[in-house]
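Notes follow once the structure below has been shown.
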Amino acid sequence: MQTQVGVDTDIFHPNENTRRKIREKYNIGDAYLFGSASRFDRAKGLIEIINALPEQGNWKYLMMGWGREDEVALVKKEIVKRGLQDKIILTGFINNWVDMAEHWNALDCAVHTPLTTMLWEETFSLALVQAMATALPVIGSSSGSVPYQIGGDGIIVPEGDIEKMREQMIYCMQNPEKAKEIVEMLKDHITRRWNKYKLLADNLK
């Protein structure tokens, strides 16, 4: 259905019907919805995301994915520590592309801020290109492939920088028109670089 370095824009694209469906499912209401999709792993930066979330405001966070029991426990512990049980929604593992596309549509802003370790760094994030294809502003970290995938028009924060991450979250929440401008630039980036069909056509030339 999807190449390792491209996104299927027949599946991942804006859809108001699925946006309403998923937001109703999780009782989002009119809250500004941040979100991410990744395995639960320390290197994915989920603990940093939890700590970067704003202190106040009408927002929620849809955390898509799952992981080892100890990693899940760590995430849950951090959520309780910050008192965000009513703000952060854990969806569990989402096991097909169509459901993933529906969940992306519910968001207002995607966050993908992995951390580089001695043994691992992000090499190519499908979550990033899926979110971009769904016309979402994306906050990414400076780790691995993330700046390359987002390009110069996206929002990049130094990896592990909780304060900078929070600043950008608040900026996107308070400046929806600016976020739309970023979306338009990212959409063009998807069309030119990460569209699965464009990549296939280029390979056949």
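In the structure tokens, chains take the letters A, B, ... in the order shown, each chain's residues start at 1, and ligands count up from 1 in the order shown.
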Within 8 Å of Gly154 (chain A) using only C-alpha atoms, minus same-chain residues under 2 positions, as a compact mmCIF listing (two decimals) with N, CA, C and O atoms, in the first residue's frame:
```txt
# COMPACT_ATOMS: atom_id res chain seq x y z
N PRO A 137 0.03 21.16 10.43
CA PRO A 137 1.31 21.73 10.81
C PRO A 137 2.03 20.71 11.69
O PRO A 137 1.40 20.01 12.48
N VAL A 138 3.34 20.60 11.52
CA VAL A 138 4.12 19.59 12.23
C VAL A 138 5.23 20.26 13.02
O VAL A 138 5.97 21.09 12.48
N ILE A 139 5.34 19.88 14.30
CA ILE A 139 6.48 20.29 15.11
C ILE A 139 7.43 19.11 15.17
O ILE A 139 7.06 18.04 15.66
N GLY A 140 8.64 19.27 14.65
CA GLY A 140 9.61 18.19 14.62
C GLY A 140 10.88 18.56 15.36
O GLY A 140 11.13 19.74 15.61
N ILE A 150 10.79 17.22 6.86
CA ILE A 150 9.92 18.38 6.97
C ILE A 150 10.33 19.48 6.00
O ILE A 150 9.49 20.16 5.42
N GLY A 151 11.62 19.64 5.80
CA GLY A 151 12.11 20.70 4.93
C GLY A 151 12.21 22.03 5.65
O GLY A 151 11.84 22.17 6.81
N GLY A 152 12.69 23.03 4.95
CA GLY A 152 12.96 24.33 5.55
C GLY A 152 11.72 25.12 5.93
O GLY A 152 11.83 26.13 6.63
N ILE A 156 11.06 23.24 13.37
CA ILE A 156 12.06 22.35 13.94
C ILE A 156 12.55 22.93 15.25
O ILE A 156 12.92 24.10 15.33
N ILE A 182 1.93 27.39 7.10
CA ILE A 182 2.91 26.30 7.20
C ILE A 182 2.36 25.07 6.51
O ILE A 182 3.08 24.37 5.78
N MET A 185 2.76 25.15 2.75
CA MET A 185 4.15 24.89 2.33
C MET A 185 4.50 23.42 2.49
O MET A 185 5.18 22.83 1.64
N LEU A 186 4.02 22.79 3.57
CA LEU A 186 4.29 21.37 3.77
C LEU A 186 3.57 20.53 2.73
O LEU A 186 4.09 19.50 2.28
```
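Backbone DSSP assigns strand (DSSP E or B) in region 80-197 of chain A to Ile88, Ile89, Leu90, Thr91, Gly92, Cys109, Ala110, Val111, His112, Val138, Ile139, Gly140, Ser141, Ile155, Ile156, Val157 and Asn195 of chain A.
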Got time to write the residues from that selection, N, CA and C atoms, as a short mmCIF file (atom, residue, chain, number, x, y, z; two decimals), in the first residue's frame?
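After the write, result01.cif holds the following:
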```
data_model
loop_
_atom_site.label_atom_id
_atom_site.label_comp_id
_atom_site.auth_asym_id
_atom_site.auth_seq_id
_atom_site.Cartn_x
_atom_site.Cartn_y
_atom_site.Cartn_z
N ILE A 88 -4.59 13.97 28.00
CA ILE A 88 -3.88 13.07 27.07
C ILE A 88 -4.68 11.79 26.89
N ILE A 89 -4.95 11.46 25.64
CA ILE A 89 -5.73 10.28 25.29
C ILE A 89 -4.81 9.24 24.65
N LEU A 90 -4.74 8.06 25.24
CA LEU A 90 -3.95 6.97 24.70
C LEU A 90 -4.86 6.09 23.85
N THR A 91 -4.61 6.03 22.55
CA THR A 91 -5.49 5.29 21.66
C THR A 91 -5.16 3.80 21.63
N GLY A 92 -3.94 3.43 22.04
CA GLY A 92 -3.48 2.07 21.80
C GLY A 92 -2.98 1.93 20.37
N CYS A 109 -2.58 19.73 15.09
CA CYS A 109 -1.13 19.88 15.01
C CYS A 109 -0.47 18.56 15.38
N ALA A 110 0.47 18.11 14.56
CA ALA A 110 1.21 16.88 14.84
C ALA A 110 2.55 17.21 15.47
N VAL A 111 2.99 16.34 16.38
CA VAL A 111 4.27 16.52 17.05
C VAL A 111 5.09 15.24 16.88
N HIS A 112 6.31 15.40 16.37
CA HIS A 112 7.20 14.23 16.20
C HIS A 112 8.61 14.68 16.56
N VAL A 138 3.34 20.60 11.52
CA VAL A 138 4.12 19.59 12.23
C VAL A 138 5.23 20.26 13.02
N ILE A 139 5.34 19.88 14.30
CA ILE A 139 6.48 20.29 15.11
C ILE A 139 7.43 19.11 15.17
N GLY A 140 8.64 19.27 14.65
CA GLY A 140 9.61 18.19 14.62
C GLY A 140 10.88 18.56 15.36
N SER A 141 11.65 17.55 15.71
CA SER A 141 12.93 17.81 16.38
C SER A 141 14.07 17.80 15.36
N ILE A 155 8.46 23.44 11.23
CA ILE A 155 8.87 23.90 12.55
C ILE A 155 9.81 22.86 13.15
N ILE A 156 11.06 23.24 13.37
CA ILE A 156 12.06 22.35 13.94
C ILE A 156 12.55 22.93 15.25
N VAL A 157 12.54 22.09 16.30
CA VAL A 157 13.08 22.51 17.59
C VAL A 157 14.28 21.62 17.93
N ASN A 195 5.27 12.15 -2.14
CA ASN A 195 4.10 11.48 -2.68
C ASN A 195 4.53 10.14 -3.30
#
```
Requested in this report: Find the spatial neighbours of Phe93 (chain A), counting only C-alpha atoms, within a cut-off of 9 Å - ignore same-chain residues fewer than 6 positions away - and output them as a list in words.
Outcome: Arg39, Met64, Gly65, Trp66 and Gly67 of chain A
Dump of N, CA, C and O atoms for the selected residues, as an mmCIF file, in the first residue's frame:
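Wrote result.cif, looks like this:
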```cif
data_model
loop_
_atom_site.group_PDB
_atom_site.id
_atom_site.type_symbol
_atom_site.label_atom_id
_atom_site.label_comp_id
_atom_site.auth_asym_id
_atom_site.auth_seq_id
_atom_site.Cartn_x
_atom_site.Cartn_y
_atom_site.Cartn_z
ATOM 1 N N ARG A 39 5.832 4.144 18.166
ATOM 2 C CA ARG A 39 5.914 3.139 19.221
ATOM 3 C C ARG A 39 6.318 3.843 20.512
ATOM 4 O O ARG A 39 6.953 4.896 20.484
ATOM 5 N N MET A 64 -1.037 8.267 19.806
ATOM 6 C CA MET A 64 -1.319 7.035 19.074
ATOM 7 C C MET A 64 -0.109 6.107 19.120
ATOM 8 O O MET A 64 1.020 6.549 18.898
ATOM 9 N N GLY A 65 -0.359 4.834 19.382
ATOM 10 C CA GLY A 65 0.725 3.868 19.421
ATOM 11 C C GLY A 65 0.740 3.096 20.725
ATOM 12 O O GLY A 65 -0.093 3.305 21.604
ATOM 13 N N TRP A 66 1.712 2.212 20.851
ATOM 14 C CA TRP A 66 1.854 1.390 22.048
ATOM 15 C C TRP A 66 3.280 0.865 22.075
ATOM 16 O O TRP A 66 4.085 1.185 21.196
ATOM 17 N N GLY A 67 3.617 0.052 23.066
ATOM 18 C CA GLY A 67 4.977 -0.457 23.161
ATOM 19 C C GLY A 67 5.106 -1.501 24.245
ATOM 20 O O GLY A 67 4.117 -2.062 24.716
#
```
Requested in this report: Return as a ChimeraX atom specification the full set of residues in chain A whose backbone-based DSSP assignment is helix (DSSP H, G or I).
Outcome: /A:16-25,42-44,46-52,69-82,97-106,126-133,146-150,162-174,176-194,196-204
**Report entry** Near-Arg166 (chain A) list (10 Å; only C-alpha atoms; drop same-chain fewer than 4 positions) as a PyMOL selection string
**Finding:** chain A and resi 48-55+157+161-162+170-172
Selected residues written out, C-alpha atoms, as a short mmCIF file (atom, residue, chain, number, x, y, z; two decimals), in the first residue's frame:
```cif
data_model
loop_
_atom_site.label_atom_id
_atom_site.label_comp_id
_atom_site.auth_asym_id
_atom_site.auth_seq_id
_atom_site.Cartn_x
_atom_site.Cartn_y
_atom_site.Cartn_z
CA GLU A 48 9.62 15.21 26.60
CA ILE A 49 6.36 15.86 24.74
CA ILE A 50 4.33 15.24 27.90
CA ASN A 51 6.50 17.70 29.81
CA ALA A 52 6.33 20.28 27.03
CA LEU A 53 2.55 20.43 26.84
CA PRO A 54 1.15 23.82 27.91
CA GLU A 55 0.10 24.40 31.50
CA VAL A 157 13.08 22.51 17.59
CA ASP A 161 14.42 21.14 24.24
CA ILE A 162 11.17 21.12 26.23
CA ILE A 170 1.50 27.53 22.09
CA TYR A 171 2.39 29.42 18.90
CA CYS A 172 0.48 26.96 16.70
#
```
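Nearest-residue note for Ile47 (chain A): choosing from A:Met100, A:Ala73, A:Ile11, A:Ala106, the minimum distance belongs to A:Ala73, counting only C-alpha atoms.
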Requested in this report: Compile the contact shell of Arg20 (chain A) as a count of residues only: residues with an atom at most 9 Å away, counting only C-alpha atoms, same-chain residues fewer than 4 positions apart removed.
Outcome: 6
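Take the candidates A:Asp153, A:Met165, A:Arg23, A:Leu46 and check each one against Glu78 (chain A) using only C-alpha atoms; the shortest distance goes to A:Leu46.
Considering only C-alpha atoms, the residue among A:Val129, A:Glu121, A:Lys164, A:Phe40 positioned nearest to Arg68 (chain A) is A:Phe40.
Closest approach to Thr116 (chain A) among A:Glu159, A:Glu177, A:Asp99, A:Glu71 is made by A:Glu159 (distances from only C-alpha atoms).
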Report summary line: Shortest contact to Asp8 (chain A), candidates A:Ala43, A:Ala101, A:Val146, A:Ala179, atoms counted only C-alpha atoms, goes to A:Ala101
Report summary line: Val183 (chain A) proximity check over A:Asn17, A:Thr134, A:Ser143, A:Ser38, using only C-alpha atoms: winner is A:Thr134
